[in-house]
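Below is run_0.cif, which holds mmCIF, C-alpha atoms.
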```
data_work
#
loop_
_atom_site.group_PDB
_atom_site.id
_atom_site.type_symbol
_atom_site.label_atom_id
_atom_site.label_comp_id
_atom_site.auth_asym_id
_atom_site.auth_seq_id
_atom_site.Cartn_x
_atom_site.Cartn_y
_atom_site.Cartn_z
ATOM 1 C CA MET A 115 7.229 -45.321 -7.128
ATOM 2 C CA MET A 116 6.845 -41.857 -5.624
ATOM 3 C CA LYS A 117 7.262 -40.028 -2.333
ATOM 4 C CA ALA A 118 4.233 -38.969 -0.316
ATOM 5 C CA ILE A 119 3.332 -37.919 3.214
ATOM 6 C CA ILE A 120 1.411 -40.715 4.931
ATOM 7 C CA VAL A 121 -0.536 -40.215 8.173
ATOM 8 C CA ARG A 122 -1.133 -43.524 9.954
ATOM 9 C CA GLU A 123 -2.452 -42.126 13.240
ATOM 10 C CA TYR A 124 -4.072 -38.853 14.284
ATOM 11 C CA GLY A 125 -1.898 -36.599 16.365
ATOM 12 C CA PRO A 126 0.734 -33.828 16.335
ATOM 13 C CA PRO A 127 2.602 -32.720 13.197
ATOM 14 C CA GLU A 128 5.176 -35.474 13.679
ATOM 15 C CA VAL A 129 2.658 -38.154 12.651
ATOM 16 C CA MET A 130 3.270 -37.044 9.056
ATOM 17 C CA ALA A 131 6.015 -39.223 7.555
ATOM 18 C CA VAL A 132 7.544 -39.349 4.083
ATOM 19 C CA GLU A 133 7.130 -42.805 2.558
ATOM 20 C CA GLU A 134 7.733 -44.453 -0.787
ATOM 21 C CA THR A 135 4.456 -45.577 -2.316
ATOM 22 C CA ASN A 136 3.224 -46.924 -5.637
ATOM 23 C CA LEU A 137 2.497 -44.478 -8.427
ATOM 24 C CA PRO A 138 -1.304 -44.542 -8.820
ATOM 25 C CA GLU A 139 -3.000 -45.100 -12.174
ATOM 26 C CA PRO A 140 -6.007 -42.951 -13.127
ATOM 27 C CA VAL A 141 -9.252 -44.665 -14.099
ATOM 28 C CA GLY A 142 -12.547 -43.355 -15.463
ATOM 29 C CA THR A 143 -12.605 -39.555 -15.210
ATOM 30 C CA GLN A 144 -9.505 -39.423 -13.003
ATOM 31 C CA VAL A 145 -6.227 -37.716 -13.876
ATOM 32 C CA LEU A 146 -2.737 -38.049 -12.432
ATOM 33 C CA VAL A 147 -1.187 -34.677 -11.585
ATOM 34 C CA LYS A 148 2.524 -34.181 -11.023
ATOM 35 C CA ILE A 149 2.453 -31.894 -7.993
ATOM 36 C CA HIS A 150 4.873 -28.991 -8.284
ATOM 37 C CA ALA A 151 3.531 -27.344 -5.115
ATOM 38 C CA ALA A 152 0.906 -28.165 -2.473
ATOM 39 C CA GLY A 153 -0.929 -25.603 -0.358
ATOM 40 C CA VAL A 154 -0.849 -25.793 3.443
ATOM 41 C CA ASN A 155 -4.052 -24.684 5.182
ATOM 42 C CA PRO A 156 -5.090 -24.506 8.851
ATOM 43 C CA VAL A 157 -7.831 -27.060 8.107
ATOM 44 C CA ASP A 158 -5.093 -29.552 7.173
ATOM 45 C CA THR A 159 -3.855 -29.407 10.770
ATOM 46 C CA TYR A 160 -7.337 -30.014 12.181
ATOM 47 C CA LEU A 161 -7.850 -33.008 9.882
ATOM 48 C CA ARG A 162 -4.440 -34.417 10.854
ATOM 49 C CA SER A 163 -5.271 -34.149 14.546
ATOM 50 C CA GLY A 164 -8.538 -36.040 14.061
ATOM 51 C CA ILE A 165 -10.687 -33.357 15.708
ATOM 52 C CA HIS A 166 -12.394 -32.172 12.502
ATOM 53 C CA ALA A 167 -15.872 -33.386 11.583
ATOM 54 C CA HIS A 168 -14.516 -34.454 8.190
ATOM 55 C CA ALA A 169 -11.403 -36.194 9.531
ATOM 56 C CA PRO A 170 -10.268 -38.698 6.857
ATOM 57 C CA LYS A 171 -9.996 -42.436 7.332
ATOM 58 C CA LEU A 172 -6.505 -43.666 8.182
ATOM 59 C CA PRO A 173 -4.041 -43.985 6.583
ATOM 60 C CA TYR A 174 -4.184 -40.992 4.293
ATOM 61 C CA THR A 175 -2.101 -38.359 2.497
ATOM 62 C CA PRO A 176 -2.979 -34.777 3.506
ATOM 63 C CA GLY A 177 -3.733 -31.898 1.193
ATOM 64 C CA LYS A 178 -6.499 -30.827 -1.154
ATOM 65 C CA ASP A 179 -4.781 -27.788 -2.683
ATOM 66 C CA GLY A 180 -1.988 -28.093 -5.213
ATOM 67 C CA ALA A 181 -0.741 -27.125 -8.642
ATOM 68 C CA GLY A 182 1.130 -29.023 -11.320
ATOM 69 C CA THR A 183 0.928 -30.673 -14.709
ATOM 70 C CA ILE A 184 -1.191 -33.580 -15.885
ATOM 71 C CA ILE A 185 0.959 -36.632 -16.692
ATOM 72 C CA SER A 186 -1.738 -39.280 -17.220
ATOM 73 C CA VAL A 187 -5.510 -39.373 -17.817
ATOM 74 C CA GLY A 188 -8.238 -41.953 -17.413
ATOM 75 C CA PRO A 189 -10.126 -43.216 -20.481
ATOM 76 C CA ASN A 190 -13.224 -41.099 -19.798
ATOM 77 C CA VAL A 191 -11.519 -37.740 -19.237
ATOM 78 C CA THR A 192 -12.843 -35.038 -21.575
ATOM 79 C CA ARG A 193 -11.802 -31.698 -20.044
ATOM 80 C CA PHE A 194 -8.014 -32.076 -19.782
ATOM 81 C CA ALA A 195 -5.022 -33.533 -21.611
ATOM 82 C CA ILE A 196 -1.517 -34.613 -20.723
ATOM 83 C CA GLY A 197 0.686 -31.553 -20.231
ATOM 84 C CA ASP A 198 -2.054 -29.189 -19.066
ATOM 85 C CA ARG A 199 -1.144 -26.850 -16.201
ATOM 86 C CA VAL A 200 -3.786 -27.130 -13.459
ATOM 87 C CA TYR A 201 -4.597 -26.255 -9.878
ATOM 88 C CA THR A 202 -6.550 -28.606 -7.654
ATOM 89 C CA ALA A 203 -9.785 -27.882 -5.830
ATOM 90 C CA GLY A 204 -9.761 -31.263 -4.111
ATOM 91 C CA SER A 205 -7.871 -34.522 -4.442
ATOM 92 C CA ILE A 206 -8.686 -38.195 -4.171
ATOM 93 C CA SER A 207 -5.239 -39.292 -2.997
ATOM 94 C CA GLY A 208 -3.914 -36.075 -1.361
ATOM 95 C CA THR A 209 -1.542 -33.379 -2.586
ATOM 96 C CA TYR A 210 1.314 -33.669 -0.046
ATOM 97 C CA ALA A 211 2.978 -35.970 -2.556
ATOM 98 C CA GLU A 212 5.001 -35.993 -5.750
ATOM 99 C CA ASN A 213 1.880 -37.028 -7.676
ATOM 100 C CA SER A 214 -1.841 -36.920 -6.927
ATOM 101 C CA ILE A 215 -4.952 -38.607 -8.311
ATOM 102 C CA CYS A 216 -7.835 -36.188 -8.855
ATOM 103 C CA ASP A 217 -11.165 -36.399 -10.583
ATOM 104 C CA GLU A 218 -11.295 -34.008 -13.514
ATOM 105 C CA THR A 219 -14.092 -32.108 -11.737
ATOM 106 C CA GLN A 220 -11.580 -31.251 -8.988
ATOM 107 C CA LEU A 221 -9.296 -29.382 -11.382
ATOM 108 C CA ASP A 222 -9.169 -26.053 -13.134
ATOM 109 C CA ARG A 223 -6.656 -24.624 -15.554
ATOM 110 C CA LEU A 224 -3.748 -22.642 -14.143
ATOM 111 C CA PRO A 225 -3.128 -19.505 -16.217
ATOM 112 C CA ASP A 226 0.396 -19.071 -17.557
ATOM 113 C CA ASN A 227 0.807 -15.865 -15.526
ATOM 114 C CA ILE A 228 0.437 -17.806 -12.252
ATOM 115 C CA SER A 229 3.361 -19.887 -10.938
ATOM 116 C CA PHE A 230 2.887 -23.371 -9.517
ATOM 117 C CA ALA A 231 3.697 -22.124 -5.999
ATOM 118 C CA GLU A 232 1.045 -19.418 -6.392
ATOM 119 C CA GLY A 233 -1.349 -21.963 -7.881
ATOM 120 C CA ALA A 234 -1.057 -24.110 -4.760
ATOM 121 C CA GLY A 235 -2.489 -21.194 -2.808
ATOM 122 C CA ILE A 236 -5.597 -20.703 -4.905
ATOM 123 C CA TRP A 237 -8.450 -22.968 -3.949
ATOM 124 C CA THR A 238 -9.023 -23.048 -0.184
ATOM 125 C CA PRO A 239 -8.085 -19.389 0.462
ATOM 126 C CA TYR A 240 -9.923 -17.876 -2.496
ATOM 127 C CA ALA A 241 -12.951 -20.160 -2.391
ATOM 128 C CA THR A 242 -13.356 -19.712 1.372
ATOM 129 C CA SER A 243 -13.038 -15.936 1.275
ATOM 130 C CA TYR A 244 -15.291 -15.573 -1.784
ATOM 131 C CA ARG A 245 -17.991 -17.651 -0.119
ATOM 132 C CA ALA A 246 -17.683 -15.676 3.120
ATOM 133 C CA LEU A 247 -17.831 -12.267 1.452
ATOM 134 C CA PHE A 248 -20.330 -12.746 -1.338
ATOM 135 C CA GLN A 249 -22.346 -15.907 -0.747
ATOM 136 C CA LYS A 250 -22.786 -15.599 3.033
ATOM 137 C CA ALA A 251 -22.410 -11.887 3.921
ATOM 138 C CA GLU A 252 -23.699 -10.778 0.487
ATOM 139 C CA CYS A 253 -21.296 -7.822 0.432
ATOM 140 C CA LYS A 254 -22.061 -4.949 -1.920
ATOM 141 C CA ALA A 255 -19.865 -2.219 -3.378
ATOM 142 C CA GLY A 256 -19.623 0.786 -1.066
ATOM 143 C CA GLU A 257 -19.915 -1.226 2.142
ATOM 144 C CA THR A 258 -17.104 -1.390 4.696
ATOM 145 C CA VAL A 259 -15.662 -4.781 5.585
ATOM 146 C CA LEU A 260 -13.283 -5.656 8.407
ATOM 147 C CA ILE A 261 -11.116 -8.690 7.713
ATOM 148 C CA HIS A 262 -10.038 -9.698 11.190
ATOM 149 C CA GLY A 263 -6.774 -11.561 10.635
ATOM 150 C CA ALA A 264 -6.020 -10.454 7.095
ATOM 151 C CA SER A 265 -2.363 -11.356 6.536
ATOM 152 C CA GLY A 266 -2.756 -15.128 6.124
ATOM 153 C CA GLY A 267 -3.801 -16.995 2.983
ATOM 154 C CA VAL A 268 -7.566 -16.631 3.444
ATOM 155 C CA GLY A 269 -7.274 -13.104 4.812
ATOM 156 C CA LEU A 270 -5.214 -11.783 1.912
ATOM 157 C CA ALA A 271 -7.552 -13.460 -0.554
ATOM 158 C CA ALA A 272 -10.463 -11.704 1.156
ATOM 159 C CA VAL A 273 -8.655 -8.351 0.950
ATOM 160 C CA GLN A 274 -8.110 -8.802 -2.787
ATOM 161 C CA TRP A 275 -11.681 -9.934 -3.470
ATOM 162 C CA ALA A 276 -13.209 -7.122 -1.408
ATOM 163 C CA SER A 277 -10.988 -4.424 -2.886
ATOM 164 C CA SER A 278 -11.726 -5.531 -6.454
ATOM 165 C CA ALA A 279 -15.468 -5.509 -5.674
ATOM 166 C CA GLY A 280 -15.469 -1.860 -4.585
ATOM 167 C CA LEU A 281 -15.707 -2.326 -0.835
ATOM 168 C CA ARG A 282 -13.874 -0.201 1.710
ATOM 169 C CA VAL A 283 -11.450 -2.689 3.253
ATOM 170 C CA ILE A 284 -10.017 -2.655 6.766
ATOM 171 C CA GLY A 285 -7.628 -5.433 7.753
ATOM 172 C CA THR A 286 -5.797 -6.462 10.898
ATOM 173 C CA ALA A 287 -2.499 -8.230 11.516
ATOM 174 C CA SER A 288 -0.207 -8.633 14.509
ATOM 175 C CA SER A 289 3.026 -7.549 12.802
ATOM 176 C CA GLU A 290 4.103 -4.443 10.926
ATOM 177 C CA GLU A 291 5.144 -6.675 8.029
ATOM 178 C CA GLY A 292 1.665 -8.196 7.938
ATOM 179 C CA ARG A 293 -0.044 -4.800 8.010
ATOM 180 C CA ASP A 294 2.156 -3.517 5.186
ATOM 181 C CA LEU A 295 1.262 -6.631 3.175
ATOM 182 C CA ILE A 296 -2.450 -6.021 3.753
ATOM 183 C CA LEU A 297 -2.153 -2.433 2.516
ATOM 184 C CA ARG A 298 -0.164 -3.483 -0.560
ATOM 185 C CA ASN A 299 -2.936 -5.933 -1.468
ATOM 186 C CA GLY A 300 -5.674 -3.323 -1.546
ATOM 187 C CA ALA A 301 -6.779 -2.569 2.026
ATOM 188 C CA ASP A 302 -7.665 1.040 2.834
ATOM 189 C CA ALA A 303 -6.473 0.751 6.442
ATOM 190 C CA ALA A 304 -4.711 -1.768 8.665
ATOM 191 C CA PHE A 305 -4.665 -2.180 12.440
ATOM 192 C CA ASP A 306 -2.801 -4.276 15.013
ATOM 193 C CA HIS A 307 -5.190 -6.856 16.459
ATOM 194 C CA THR A 308 -2.905 -7.445 19.443
ATOM 195 C CA ASP A 309 -3.648 -3.857 20.534
ATOM 196 C CA ILE A 310 -6.498 -4.010 23.061
ATOM 197 C CA ASP A 311 -7.860 -0.716 21.713
ATOM 198 C CA HIS A 312 -7.969 -1.651 18.045
ATOM 199 C CA PHE A 313 -11.754 -2.155 18.083
ATOM 200 C CA THR A 314 -12.184 1.459 19.235
ATOM 201 C CA ASP A 315 -9.648 2.646 16.662
ATOM 202 C CA ILE A 316 -11.576 0.889 13.872
ATOM 203 C CA TRP A 317 -14.862 2.389 15.076
ATOM 204 C CA GLU A 318 -13.318 5.862 15.014
ATOM 205 C CA ALA A 319 -11.770 5.232 11.575
ATOM 206 C CA THR A 320 -15.280 4.709 10.206
ATOM 207 C CA GLY A 321 -16.424 8.034 11.636
ATOM 208 C CA GLY A 322 -18.518 6.257 14.260
ATOM 209 C CA SER A 323 -20.679 4.392 11.770
ATOM 210 C CA GLY A 324 -18.927 1.042 12.215
ATOM 211 C CA VAL A 325 -18.185 -1.694 9.702
ATOM 212 C CA ASP A 326 -20.980 -3.382 7.786
ATOM 213 C CA VAL A 327 -19.335 -6.807 7.632
ATOM 214 C CA ILE A 328 -16.666 -8.621 9.658
ATOM 215 C CA ILE A 329 -14.869 -11.660 8.264
ATOM 216 C CA GLU A 330 -13.703 -13.323 11.476
ATOM 217 C CA MET A 331 -10.720 -15.693 11.398
ATOM 218 C CA LEU A 332 -10.437 -16.266 15.169
ATOM 219 C CA ALA A 333 -13.919 -16.099 16.656
ATOM 220 C CA ASN A 334 -13.005 -17.649 20.000
ATOM 221 C CA VAL A 335 -10.809 -14.606 20.686
ATOM 222 C CA ASN A 336 -12.670 -11.785 18.938
ATOM 223 C CA LEU A 337 -16.378 -12.495 18.511
ATOM 224 C CA GLU A 338 -17.623 -10.814 21.697
ATOM 225 C CA ARG A 339 -15.625 -7.653 21.042
ATOM 226 C CA ASP A 340 -16.371 -7.524 17.307
ATOM 227 C CA PHE A 341 -19.630 -5.804 18.241
ATOM 228 C CA GLU A 342 -17.638 -2.786 19.459
ATOM 229 C CA CYS A 343 -16.938 -1.804 15.839
ATOM 230 C CA LEU A 344 -19.893 -3.426 14.049
ATOM 231 C CA SER A 345 -22.562 -1.169 12.580
ATOM 232 C CA PRO A 346 -26.267 -1.619 13.323
ATOM 233 C CA PHE A 347 -27.676 -4.464 11.190
ATOM 234 C CA GLY A 348 -24.114 -5.640 10.513
ATOM 235 C CA ARG A 349 -23.084 -9.174 9.612
ATOM 236 C CA ILE A 350 -20.277 -11.297 11.036
ATOM 237 C CA VAL A 351 -19.078 -14.375 9.159
ATOM 238 C CA VAL A 352 -17.195 -16.882 11.294
ATOM 239 C CA VAL A 353 -14.505 -18.396 9.091
ATOM 240 C CA GLY A 354 -12.178 -19.670 11.821
ATOM 241 C CA SER A 355 -12.253 -20.531 15.514
ATOM 242 C CA ARG A 356 -9.862 -22.516 17.685
ATOM 243 C CA GLY A 357 -11.867 -22.913 20.871
ATOM 244 C CA SER A 358 -14.985 -21.941 22.800
ATOM 245 C CA ILE A 359 -16.071 -18.517 24.022
ATOM 246 C CA GLU A 360 -18.420 -17.005 26.599
ATOM 247 C CA PHE A 361 -20.804 -14.863 24.571
ATOM 248 C CA THR A 362 -23.477 -12.267 25.399
ATOM 249 C CA PRO A 363 -26.468 -12.866 23.063
ATOM 250 C CA ARG A 364 -27.933 -9.417 23.853
ATOM 251 C CA LEU A 365 -25.184 -7.938 21.684
ATOM 252 C CA THR A 366 -26.945 -9.324 18.622
ATOM 253 C CA MET A 367 -30.236 -7.856 19.801
ATOM 254 C CA THR A 368 -28.901 -4.351 20.413
ATOM 255 C CA LYS A 369 -27.570 -4.003 16.876
ATOM 256 C CA GLU A 370 -29.929 -6.486 15.218
ATOM 257 C CA ALA A 371 -26.767 -8.133 13.949
ATOM 258 C CA THR A 372 -26.410 -11.425 12.127
ATOM 259 C CA ILE A 373 -23.749 -14.028 12.887
ATOM 260 C CA LEU A 374 -23.160 -16.445 10.027
ATOM 261 C CA GLY A 375 -21.106 -19.612 10.217
ATOM 262 C CA MET A 376 -19.532 -21.079 7.105
ATOM 263 C CA SER A 377 -17.554 -24.072 5.963
ATOM 264 C CA LEU A 378 -16.428 -24.632 2.405
ATOM 265 C CA PHE A 379 -17.292 -28.327 2.850
ATOM 266 C CA ASN A 380 -20.993 -27.327 2.906
ATOM 267 C CA ALA A 381 -21.049 -25.286 -0.316
ATOM 268 C CA PRO A 382 -23.622 -26.736 -2.757
ATOM 269 C CA PRO A 383 -22.674 -27.449 -6.401
ATOM 270 C CA ASP A 384 -24.108 -24.221 -7.813
ATOM 271 C CA ALA A 385 -22.153 -22.181 -5.268
ATOM 272 C CA MET A 386 -18.980 -24.077 -6.150
ATOM 273 C CA ASP A 387 -19.546 -23.419 -9.854
ATOM 274 C CA GLU A 388 -19.894 -19.702 -9.138
ATOM 275 C CA ILE A 389 -16.656 -19.737 -7.133
ATOM 276 C CA HIS A 390 -14.720 -21.529 -9.874
ATOM 277 C CA LYS A 391 -15.873 -18.994 -12.472
ATOM 278 C CA ALA A 392 -15.008 -16.048 -10.227
ATOM 279 C CA ILE A 393 -11.533 -17.419 -9.505
ATOM 280 C CA GLY A 394 -10.859 -18.043 -13.187
ATOM 281 C CA TYR A 395 -11.875 -14.514 -14.075
ATOM 282 C CA GLY A 396 -9.914 -13.002 -11.186
ATOM 283 C CA LEU A 397 -6.713 -14.866 -12.054
ATOM 284 C CA LYS A 398 -6.860 -13.936 -15.717
ATOM 285 C CA ASN A 399 -7.400 -10.228 -15.103
ATOM 286 C CA GLU A 400 -5.032 -10.309 -12.093
ATOM 287 C CA THR A 401 -7.482 -8.804 -9.611
ATOM 288 C CA VAL A 402 -6.591 -11.760 -7.379
ATOM 289 C CA ARG A 403 -3.171 -13.367 -6.982
ATOM 290 C CA PRO A 404 -1.844 -15.597 -4.174
ATOM 291 C CA ILE A 405 1.085 -14.316 -2.100
ATOM 292 C CA VAL A 406 3.568 -17.070 -1.217
ATOM 293 C CA ALA A 407 5.316 -16.513 2.107
ATOM 294 C CA LYS A 408 7.435 -19.666 2.434
ATOM 295 C CA GLU A 409 8.166 -22.948 0.689
ATOM 296 C CA TYR A 410 8.884 -26.298 2.417
ATOM 297 C CA SER A 411 10.098 -29.694 1.268
ATOM 298 C CA LEU A 412 8.031 -32.840 1.920
ATOM 299 C CA GLU A 413 10.414 -33.636 4.761
ATOM 300 C CA GLU A 414 9.539 -30.267 6.326
ATOM 301 C CA ALA A 415 5.760 -30.850 6.260
ATOM 302 C CA ALA A 416 5.581 -31.105 10.054
ATOM 303 C CA GLN A 417 7.259 -27.723 10.400
ATOM 304 C CA SER A 418 4.802 -26.181 7.937
ATOM 305 C CA HIS A 419 1.926 -27.365 10.160
ATOM 306 C CA ARG A 420 3.551 -25.865 13.233
ATOM 307 C CA ASP A 421 4.241 -22.584 11.451
ATOM 308 C CA ILE A 422 0.733 -22.101 10.073
ATOM 309 C CA ILE A 423 -0.720 -22.295 13.588
ATOM 310 C CA GLU A 424 2.031 -20.732 15.701
ATOM 311 C CA THR A 425 3.654 -17.971 13.623
ATOM 312 C CA LYS A 426 2.497 -14.566 12.421
ATOM 313 C CA ALA A 427 0.930 -15.040 9.007
ATOM 314 C CA THR A 428 2.276 -13.030 6.067
ATOM 315 C CA GLY A 429 1.048 -14.990 3.077
ATOM 316 C CA LYS A 430 0.655 -18.566 1.886
ATOM 317 C CA LEU A 431 2.707 -21.577 2.979
ATOM 318 C CA VAL A 432 3.373 -24.231 0.320
ATOM 319 C CA ILE A 433 5.106 -27.601 0.158
ATOM 320 C CA VAL A 434 7.293 -28.261 -2.886
ATOM 321 C CA PRO A 435 7.728 -32.047 -3.313
#
```

As C-alpha cells, how would this structure be written, given the file I've shared?
Amino acid sequence: MMKAIIVREYGPPEVMAVEETNLPEPVGTQVLVKIHAAGVNPVDTYLRSGIHAHAPKLPYTPGKDGAGTIISVGPNVTRFAIGDRVYTAGSISGTYAENSICDETQLDRLPDNISFAEGAGIWTPYATSYRALFQKAECKAGETVLIHGASGGVGLAAVQWASSAGLRVIGTASSEEGRDLILRNGADAAFDHTDIDHFTDIWEATGGSGVDVIIEMLANVNLERDFECLSPFGRIVVVGSRGSIEFTPRLTMTKEATILGMSLFNAPPDAMDEIHKAIGYGLKNETVRPIVAKEYSLEEAAQSHRDIIETKATGKLVIVP
C-alpha cells in the first residue's frame, strides 16, 4: 500500500484528499518510481478545477513532475534500472504520491549534482520556457527579452535559459525578494510589475528601442500594455493567462508584431526530444538549476495549490511525500 492524493470531483483545492491505495506494478516499458518530491505547477490547479482542455478523467492523482529513484521495472524496460535517480516528464498514475508509474519515455536521468527537490522542478518550468524562448519566439543571442512575471518556476527557468544563451534579460516581479532572485539568476534588470509605469521604465531602460521578445505569464492583465515596451517587429509569447481581455488589434499592425500562443501539451516529438537534450546539457554544466521556494507534505497539497495562485512567486513549490 502507499499514500497518494486522489481527486474524485473537480473543484477547489480541498477536493484533493490523501488516501491509501494499492502499490502499482509496472508492466511492459513502465517503471515504478519512488517519489522523493513532486513539482507543483499552475496547470495542476487548472486540471484539478476541470476547466482545462486536457482535464483528466476522474478519479485521478495530480502531478506530472517529480523526482525519485526507480524501485521496479517492467519486463521490456531497456533505458533504466532499479536504483537509478530520475526526474519525470510525465506520469501515468500521477506524482502527488509516494510512488508513481511512468513509461520509460517519460523519464530522464537526474544528475548527482541536482537534489530530488530541485529535480521535481525541472520538467514543466524548463520545458515550457525553452519552448517559449527558442521554439516559438526563436530568440537569438544579442536580442532583448522581457520575462513578464519572472520570479516563479517558469519565469526563473526562462531567465536562466535566456541568460545562458546570450540574450539581454529583463524580468519583472511584484516583490523586492522576487526581483533580487531574478537578478541573482542572470537577469540584467528587474522591475516591479505592480508599478503602473513599469512599461515606460522598461522602454527607457532599452534606450527607446524596446524589447525584441516578451514572455508573458499573465496575458489577461498585461497583453494590451505589453506593446508600450515592445520593439517594432517584436514577438510576444503567451505562456499564461487567467481570464479574458479587451484587446486593440491595431497595436499589432502599428509595430508589425507577432503574438504567439503556446502549450507544452502541443509540442511534437522532435521538439520534445530537443528540449530533453537541452535540459540534460544545461543541468550537467549548471547553466540551469531549479530554485526551490517551499516544500509541502502530501497533507498540505491543497495549501500548495492555493499558494501557487495567490502568493508572490519566488521559486518552485514542491510536495515531499

Spatial sel., origin (0.1, -12.9, -16.2), limit 10 Å, only C-alpha atoms, listed as a short mmCIF file (atom, residue, chain, number, x, y, z; two decimals) with C-alpha atoms, in the frame of the given file:
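This is the output file selection-v9.cif:
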```
data_model
loop_
_atom_site.label_atom_id
_atom_site.label_comp_id
_atom_site.auth_asym_id
_atom_site.auth_seq_id
_atom_site.Cartn_x
_atom_site.Cartn_y
_atom_site.Cartn_z
CA PRO A 225 -3.13 -19.50 -16.22
CA ASP A 226 0.40 -19.07 -17.56
CA ASN A 227 0.81 -15.86 -15.53
CA ILE A 228 0.44 -17.81 -12.25
CA SER A 229 3.36 -19.89 -10.94
CA LEU A 397 -6.71 -14.87 -12.05
CA LYS A 398 -6.86 -13.94 -15.72
CA ASN A 399 -7.40 -10.23 -15.10
CA GLU A 400 -5.03 -10.31 -12.09
CA ARG A 403 -3.17 -13.37 -6.98
#
```

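Residue selection for this entry, given the PyMOL selection byres ((chain A and resi 154-163) around 6), comprises A:Tyr124, A:Gly125, A:Gly153, A:Gly164, A:Ile165, A:His166, A:Ala169, A:Leu431, A:Val432.
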
Taking the file above as input, evaluate the PyMOL selection byres ((chain A and resi 188-190) around 7) and report the hits as a PyMOL selection string.
-> chain A and resi 140-145+187+191-192

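Those residues that approach Glu134 (chain A) to within 7 Å, counting all atoms listed in the file, are Met115, Met116, Lys117 and Ala118 of chain A; same-chain residues fewer than 3 positions away are not listed.
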
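A cut-off of 12 Å from the point (-16.0, -8.2, 21.6), with all atoms listed in the file, picks out the residues Ile310, Asp311, His312, Phe313, Thr314, Ile328, Glu330, Leu332, Ala333, Asn334, Val335, Asn336, Leu337, Glu338, Arg339, Asp340, Phe341, Glu342, Cys343, Leu344, Ile350, Ile359, Glu360, Phe361, Thr362, Pro363, Leu365 and Thr366 of chain A.
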
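For the set A:Glu212, A:Ile296, A:His168, A:Met386, the residue with the smallest atom-to-atom gap to Glu133 (chain A) is A:Glu212, counting only C-alpha atoms.
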
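The closest residue to Ser243 (chain A), picked from A:Asn299, A:Ile422, A:Ile393, A:Thr209 and counting only C-alpha atoms, is A:Ile393.
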
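Counting all atoms listed in the file and comparing A:Ala131, A:Leu374, A:Gly180, A:Ser265, the residue that lies closest to Thr425 (chain A) is A:Ser265.
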
Just so the selection is clear, what residues does the PyMOL selection byres ((chain A and resi 198) around 8) cover here, as a PyMOL selection string?
-> chain A and resi 183-184+194-197+199-200+223

Now that the selection is made, can you save its residues with C-alpha atoms as a short mmCIF file (atom, residue, chain, number, x, y, z; two decimals), in the coordinates of the input?
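again-v8.cif written:
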```cif
data_model
loop_
_atom_site.label_atom_id
_atom_site.label_comp_id
_atom_site.auth_asym_id
_atom_site.auth_seq_id
_atom_site.Cartn_x
_atom_site.Cartn_y
_atom_site.Cartn_z
CA THR A 183 0.93 -30.67 -14.71
CA ILE A 184 -1.19 -33.58 -15.88
CA PHE A 194 -8.01 -32.08 -19.78
CA ALA A 195 -5.02 -33.53 -21.61
CA ILE A 196 -1.52 -34.61 -20.72
CA GLY A 197 0.69 -31.55 -20.23
CA ARG A 199 -1.14 -26.85 -16.20
CA VAL A 200 -3.79 -27.13 -13.46
CA ARG A 223 -6.66 -24.62 -15.55
#
```

In Å, how far is it from CA of Gly285 (chain A) to CA of His307 (chain A)?
-> 9.2 Å
